[in-house]
>>> print(open('my_file-v5.cif').read())   # mmCIF, C-alpha atoms
data_run
#
loop_
_atom_site.label_atom_id
_atom_site.label_comp_id
_atom_site.auth_asym_id
_atom_site.auth_seq_id
_atom_site.Cartn_x
_atom_site.Cartn_y
_atom_site.Cartn_z
CA MET A 1 -37.85 -8.02 -103.26
CA LYS A 2 -39.35 -11.42 -102.49
CA LEU A 3 -40.77 -9.97 -99.31
CA VAL A 4 -42.36 -7.10 -101.25
CA ASP A 5 -44.07 -9.65 -103.53
CA ILE A 6 -45.58 -11.23 -100.40
CA ILE A 7 -46.54 -8.01 -98.61
CA VAL A 8 -48.19 -6.11 -101.47
CA PRO A 9 -50.94 -8.70 -102.15
CA GLU A 10 -51.71 -8.75 -98.42
CA PHE A 11 -52.06 -4.98 -98.38
CA ILE A 12 -54.29 -5.08 -101.46
CA ASN A 13 -56.48 -7.89 -100.09
CA HIS A 14 -56.99 -6.04 -96.80
CA ASN A 15 -58.06 -2.73 -98.38
CA GLU A 16 -54.75 -1.02 -97.65
CA GLU A 17 -54.06 0.11 -101.19
CA PRO A 18 -52.18 3.32 -100.22
CA GLU A 19 -49.65 1.29 -98.24
CA ALA A 20 -49.20 -1.09 -101.18
CA VAL A 21 -48.67 1.81 -103.59
CA ASP A 22 -46.22 3.50 -101.22
CA LEU A 23 -44.23 0.29 -100.89
CA MET A 24 -44.14 -0.20 -104.66
CA MET A 25 -43.01 3.42 -105.12
CA GLU A 26 -40.25 3.03 -102.55
CA THR A 27 -38.96 -0.12 -104.24
CA GLU A 28 -39.39 1.42 -107.72
CA ARG A 29 -41.67 -1.39 -108.89
CA LEU A 30 -44.82 0.54 -109.81
CA GLY A 31 -45.02 -1.32 -113.11
CA LYS A 32 -45.91 -4.53 -111.28
CA LEU A 33 -48.85 -2.90 -109.47
CA ASN A 34 -51.22 -3.60 -112.36
CA GLY A 35 -50.96 -7.33 -111.67
CA PHE A 36 -52.43 -6.86 -108.19
CA CYS A 37 -55.42 -4.76 -109.24
CA ASN A 38 -58.89 -6.07 -109.93
CA GLU A 39 -62.38 -4.65 -110.44
CA ARG A 40 -62.81 -4.26 -106.68
CA ASN A 41 -59.73 -2.18 -105.90
CA TYR A 42 -58.46 -0.52 -109.08
CA ALA A 43 -60.28 2.77 -108.43
CA ARG A 44 -58.69 3.34 -105.02
CA VAL A 45 -55.25 2.43 -106.36
CA CYS A 46 -55.53 4.78 -109.34
CA ARG A 47 -56.91 7.68 -107.31
CA TYR A 48 -54.03 7.34 -104.88
CA LEU A 49 -51.49 7.13 -107.72
CA CYS A 50 -52.85 10.28 -109.36
CA THR A 51 -52.84 12.12 -106.04
CA CYS A 52 -49.26 11.03 -105.28
CA SER A 53 -48.07 12.15 -108.70
CA GLN A 54 -48.88 15.75 -107.75
CA TYR A 55 -46.27 15.52 -104.99
CA ALA A 56 -43.60 13.72 -107.02
CA ALA A 57 -40.03 14.86 -106.58
CA ASP A 58 -39.31 15.01 -110.31
CA THR A 59 -41.15 14.73 -113.61
CA GLU A 60 -40.02 11.15 -114.20
CA GLU A 61 -41.56 10.00 -110.93
CA MET A 62 -44.75 11.90 -111.77
CA ARG A 63 -44.88 10.34 -115.23
CA GLN A 64 -44.36 6.86 -113.78
CA SER A 65 -47.30 7.30 -111.38
CA TYR A 66 -49.59 8.58 -114.12
CA LYS A 67 -48.48 5.87 -116.56
CA THR A 68 -49.21 3.16 -114.00
CA ALA A 69 -52.68 4.60 -113.36
CA TYR A 70 -53.25 4.79 -117.13
CA ASP A 71 -52.24 1.14 -117.58
CA ILE A 72 -54.53 0.00 -114.76
CA TYR A 73 -57.50 1.94 -116.15
CA LYS A 74 -56.84 0.53 -119.62
CA THR A 75 -56.60 -3.02 -118.28
CA GLN A 76 -59.90 -2.55 -116.45
CA THR A 77 -61.48 -1.12 -119.67
CA LYS A 78 -62.14 2.25 -118.03
CA PHE A 79 -61.32 4.21 -121.15
CA CYS A 80 -62.66 7.63 -120.08
CA GLU A 81 -60.58 7.55 -116.91
CA ALA A 82 -57.52 6.42 -118.87
CA LEU A 83 -58.08 9.30 -121.29
CA GLN A 84 -58.17 11.77 -118.39
CA VAL A 85 -54.81 10.50 -117.18
CA ALA A 86 -53.35 10.62 -120.71
CA GLN A 87 -54.53 14.23 -120.99
CA LYS A 88 -52.89 15.11 -117.69
CA MET A 89 -49.67 13.68 -119.08
CA ASN A 90 -50.27 15.58 -122.35
CA ASP A 91 -49.20 12.47 -124.27
CA LEU A 92 -50.75 12.30 -127.74
CA ASP A 93 -49.50 8.74 -128.28
CA LEU A 94 -51.39 7.50 -125.20
CA ILE A 95 -54.49 9.46 -126.24
CA LYS A 96 -54.37 7.86 -129.68
CA GLU A 97 -53.81 4.43 -128.12
CA ILE A 98 -56.81 4.69 -125.80
CA MET A 99 -59.09 6.11 -128.50
CA GLU A 100 -58.21 3.18 -130.76
CA ALA A 101 -58.65 0.65 -127.94
CA CYS A 102 -62.21 1.75 -127.22
CA LYS A 103 -64.79 0.06 -129.43
CA ASP A 104 -68.02 1.42 -127.89
CA PRO A 105 -69.35 4.22 -130.13
CA VAL A 106 -71.13 6.02 -127.29
CA GLU A 107 -68.04 5.98 -125.10
CA LEU A 108 -65.95 7.17 -128.06
CA LYS A 109 -68.24 10.18 -128.45
CA GLN A 110 -67.95 10.91 -124.74
CA MET A 111 -64.17 10.77 -125.05
CA ALA A 112 -64.31 13.04 -128.11
CA PHE A 113 -66.24 15.60 -126.07
CA MET A 114 -63.57 15.33 -123.36
CA LEU A 115 -60.86 15.98 -125.96
CA GLY A 116 -62.80 18.89 -127.43
CA ARG A 117 -63.26 20.46 -124.02
CA GLN A 118 -59.49 20.45 -123.52
CA ARG A 119 -58.89 21.61 -127.11
CA ASN A 120 -56.74 18.59 -127.82
CA ALA A 121 -55.06 18.18 -131.22
CA TYR A 122 -56.07 14.53 -131.65
CA GLU A 123 -57.54 13.66 -135.05
CA SER A 124 -59.59 10.53 -135.60
CA GLU A 125 -60.28 8.62 -138.78
CA ASP A 126 -63.99 9.00 -137.96
CA GLU A 127 -65.26 12.33 -139.28
CA GLU A 128 -68.07 12.52 -136.71
CA LEU A 129 -65.56 12.27 -133.85
CA ASN A 130 -63.43 14.99 -135.47
CA GLN A 131 -66.47 17.28 -135.61
CA ILE A 132 -67.18 16.67 -131.92
CA ILE A 133 -63.56 17.38 -130.99
CA ALA A 134 -63.56 20.57 -133.10
#
>>> encode(input="my_file-v5.cif", output="structure tokens")
Amino acid sequence: MKLVDIIVPEFINHNEEPEAVDLMMETERLGKLNGFCNERNYARVCRYLCTCSQYAADTEEMRQSYKTAYDIYKTQTKFCEALQVAQKMNDLDLIKEIMEACKDPVELKQMAFMLGRQRNAYESEDEELNQIIA
């Protein structure tokens, strides 16, 4: 495991994010991947995680990949992308969490339109957002 902690940052720093994600998946340490992501590489890591989740062997592995992508997007304050992942997981708790974490009113409206398009059951305390979702 010490070797993995040395190899993964090298992969990330040399634009080899898929190899880093694969290694973290094999060692079942996807939760630590967020610590290696920054504004320069988070998008490639998350895209690869979401793609890999489609080929997961079981639902738990798929959920772990999506949850890691969600956490990275949330850390990078990419709320719309995090909402998309939460919707793929169909997790109302994560949807509520990301809607409450976002403070930008324009982005909140965008997210409300996203929820409305998917006919999501989320209800906000803001009546305007509820009208958009409906």
>>> atom_distance(input="my_file-v5.cif", atom1="CA of Tyr66 in chain A", atom2="CA of Ile95 in chain A")
13.1 Å
>>> residues_around(input="my_file-v5.cif", residues="Leu94 in chain A", least_positions_apart="6", cutoff="9 Å", atoms="all atoms listed in the file", output="PyMOL selection string")
chain A and resi 70+82-83+86-87
>>> atom_distance(input="my_file-v5.cif", atom1="CA of Arg63 in chain A", atom2="CA of Asn15 in chain A")
25.1 Å
>>> resolve_selection(input="my_file-v5.cif", expression="the PyMOL selection byres ((chain A and resi 36) around 12)", output="PyMOL selection string")
chain A and resi 5-13+17+20-21+24+30-35+37-42+45+72+75-76
>>> write_last_selection(input="my_file-v5.cif", atoms="C-alpha atoms", output="compact mmCIF listing (two decimals), in the frame of the given file")
# COMPACT_ATOMS: atom_id res chain seq x y z
CA ASP A 5 -44.07 -9.65 -103.53
CA ILE A 6 -45.58 -11.23 -100.40
CA ILE A 7 -46.54 -8.01 -98.61
CA VAL A 8 -48.19 -6.11 -101.47
CA PRO A 9 -50.94 -8.70 -102.15
CA GLU A 10 -51.71 -8.75 -98.42
CA PHE A 11 -52.06 -4.98 -98.38
CA ILE A 12 -54.29 -5.08 -101.46
CA ASN A 13 -56.48 -7.89 -100.09
CA GLU A 17 -54.06 0.11 -101.19
CA ALA A 20 -49.20 -1.09 -101.18
CA VAL A 21 -48.67 1.81 -103.59
CA MET A 24 -44.14 -0.20 -104.66
CA LEU A 30 -44.82 0.54 -109.81
CA GLY A 31 -45.02 -1.32 -113.11
CA LYS A 32 -45.91 -4.53 -111.28
CA LEU A 33 -48.85 -2.90 -109.47
CA ASN A 34 -51.22 -3.60 -112.36
CA GLY A 35 -50.96 -7.33 -111.67
CA CYS A 37 -55.42 -4.76 -109.24
CA ASN A 38 -58.89 -6.07 -109.93
CA GLU A 39 -62.38 -4.65 -110.44
CA ARG A 40 -62.81 -4.26 -106.68
CA ASN A 41 -59.73 -2.18 -105.90
CA TYR A 42 -58.46 -0.52 -109.08
CA VAL A 45 -55.25 2.43 -106.36
CA ILE A 72 -54.53 0.00 -114.76
CA THR A 75 -56.60 -3.02 -118.28
CA GLN A 76 -59.90 -2.55 -116.45
>>> closest_residue(input="my_file-v5.cif", among="A:Glu125, A:Asp104, A:Met62, A:Gln110", to="Lys88 in chain A", atoms="all atoms listed in the file")
A:Met62
>>> closest_residue(input="my_file-v5.cif", among="A:Ala57, A:Val106, A:Leu23, A:Leu129", to="Leu3 in chain A", atoms="all atoms listed in the file")
A:Leu23
>>> residues_near_point(input="my_file-v5.cif", point="(-49.2, 6.6, -101.5)", cutoff="7 Å", atoms="only C-alpha atoms", output="compact mmCIF listing (two decimals) with C-alpha atoms, keeping the file's coordinate frame")
# COMPACT_ATOMS: atom_id res chain seq x y z
CA PRO A 18 -52.18 3.32 -100.22
CA GLU A 19 -49.65 1.29 -98.24
CA VAL A 21 -48.67 1.81 -103.59
CA ASP A 22 -46.22 3.50 -101.22
CA TYR A 48 -54.03 7.34 -104.88
CA LEU A 49 -51.49 7.13 -107.72
CA CYS A 52 -49.26 11.03 -105.28
>>> atom_distance(input="my_file-v5.cif", atom1="CA of Ala134 in chain A", atom2="CA of Tyr122 in chain A")
9.7 Å
>>> resolve_selection(input="my_file-v5.cif", expression="the PyMOL selection byres ((chain A and resi 119) around 12)", output="list in words")
Gln87, Asn90, Ala112, Phe113, Met114, Leu115, Gly116, Arg117, Gln118, Asn120, Ala121, Tyr122, Glu123, Asn130, Ile132, Ile133 and Ala134 of chain A
>>> write_last_selection(input="my_file-v5.cif", atoms="C-alpha atoms", output="PDB file, keeping the file's coordinate frame")
ATOM      1  CA  GLN A  87     -54.530  14.230-120.990  1.00  0.00           C
ATOM      2  CA  ASN A  90     -50.270  15.580-122.350  1.00  0.00           C
ATOM      3  CA  ALA A 112     -64.310  13.040-128.110  1.00  0.00           C
ATOM      4  CA  PHE A 113     -66.240  15.600-126.070  1.00  0.00           C
ATOM      5  CA  MET A 114     -63.570  15.330-123.360  1.00  0.00           C
ATOM      6  CA  LEU A 115     -60.860  15.980-125.960  1.00  0.00           C
ATOM      7  CA  GLY A 116     -62.800  18.890-127.430  1.00  0.00           C
ATOM      8  CA  ARG A 117     -63.260  20.460-124.020  1.00  0.00           C
ATOM      9  CA  GLN A 118     -59.490  20.450-123.520  1.00  0.00           C
ATOM     10  CA  ASN A 120     -56.740  18.590-127.820  1.00  0.00           C
ATOM     11  CA  ALA A 121     -55.060  18.180-131.220  1.00  0.00           C
ATOM     12  CA  TYR A 122     -56.070  14.530-131.650  1.00  0.00           C
ATOM     13  CA  GLU A 123     -57.540  13.660-135.050  1.00  0.00           C
ATOM     14  CA  ASN A 130     -63.430  14.990-135.470  1.00  0.00           C
ATOM     15  CA  ILE A 132     -67.180  16.670-131.920  1.00  0.00           C
ATOM     16  CA  ILE A 133     -63.560  17.380-130.990  1.00  0.00           C
ATOM     17  CA  ALA A 134     -63.560  20.570-133.100  1.00  0.00           C
TER      18      ALA A 134
END
>>> residues_around(input="my_file-v5.cif", residues="Lys78 in chain A", least_positions_apart="5", cutoff="12 Å", atoms="only C-alpha atoms", output="count of residues only")
21
>>> closest_residue(input="my_file-v5.cif", among="A:Glu28, A:Tyr55, A:Asp126, A:Asp91", to="Lys67 in chain A", atoms="all atoms listed in the file")
A:Asp91
>>> closest_residue(input="my_file-v5.cif", among="A:Pro105, A:Glu100, A:Ser65, A:Gln54", to="Ser124 in chain A", atoms="all atoms listed in the file")
A:Glu100
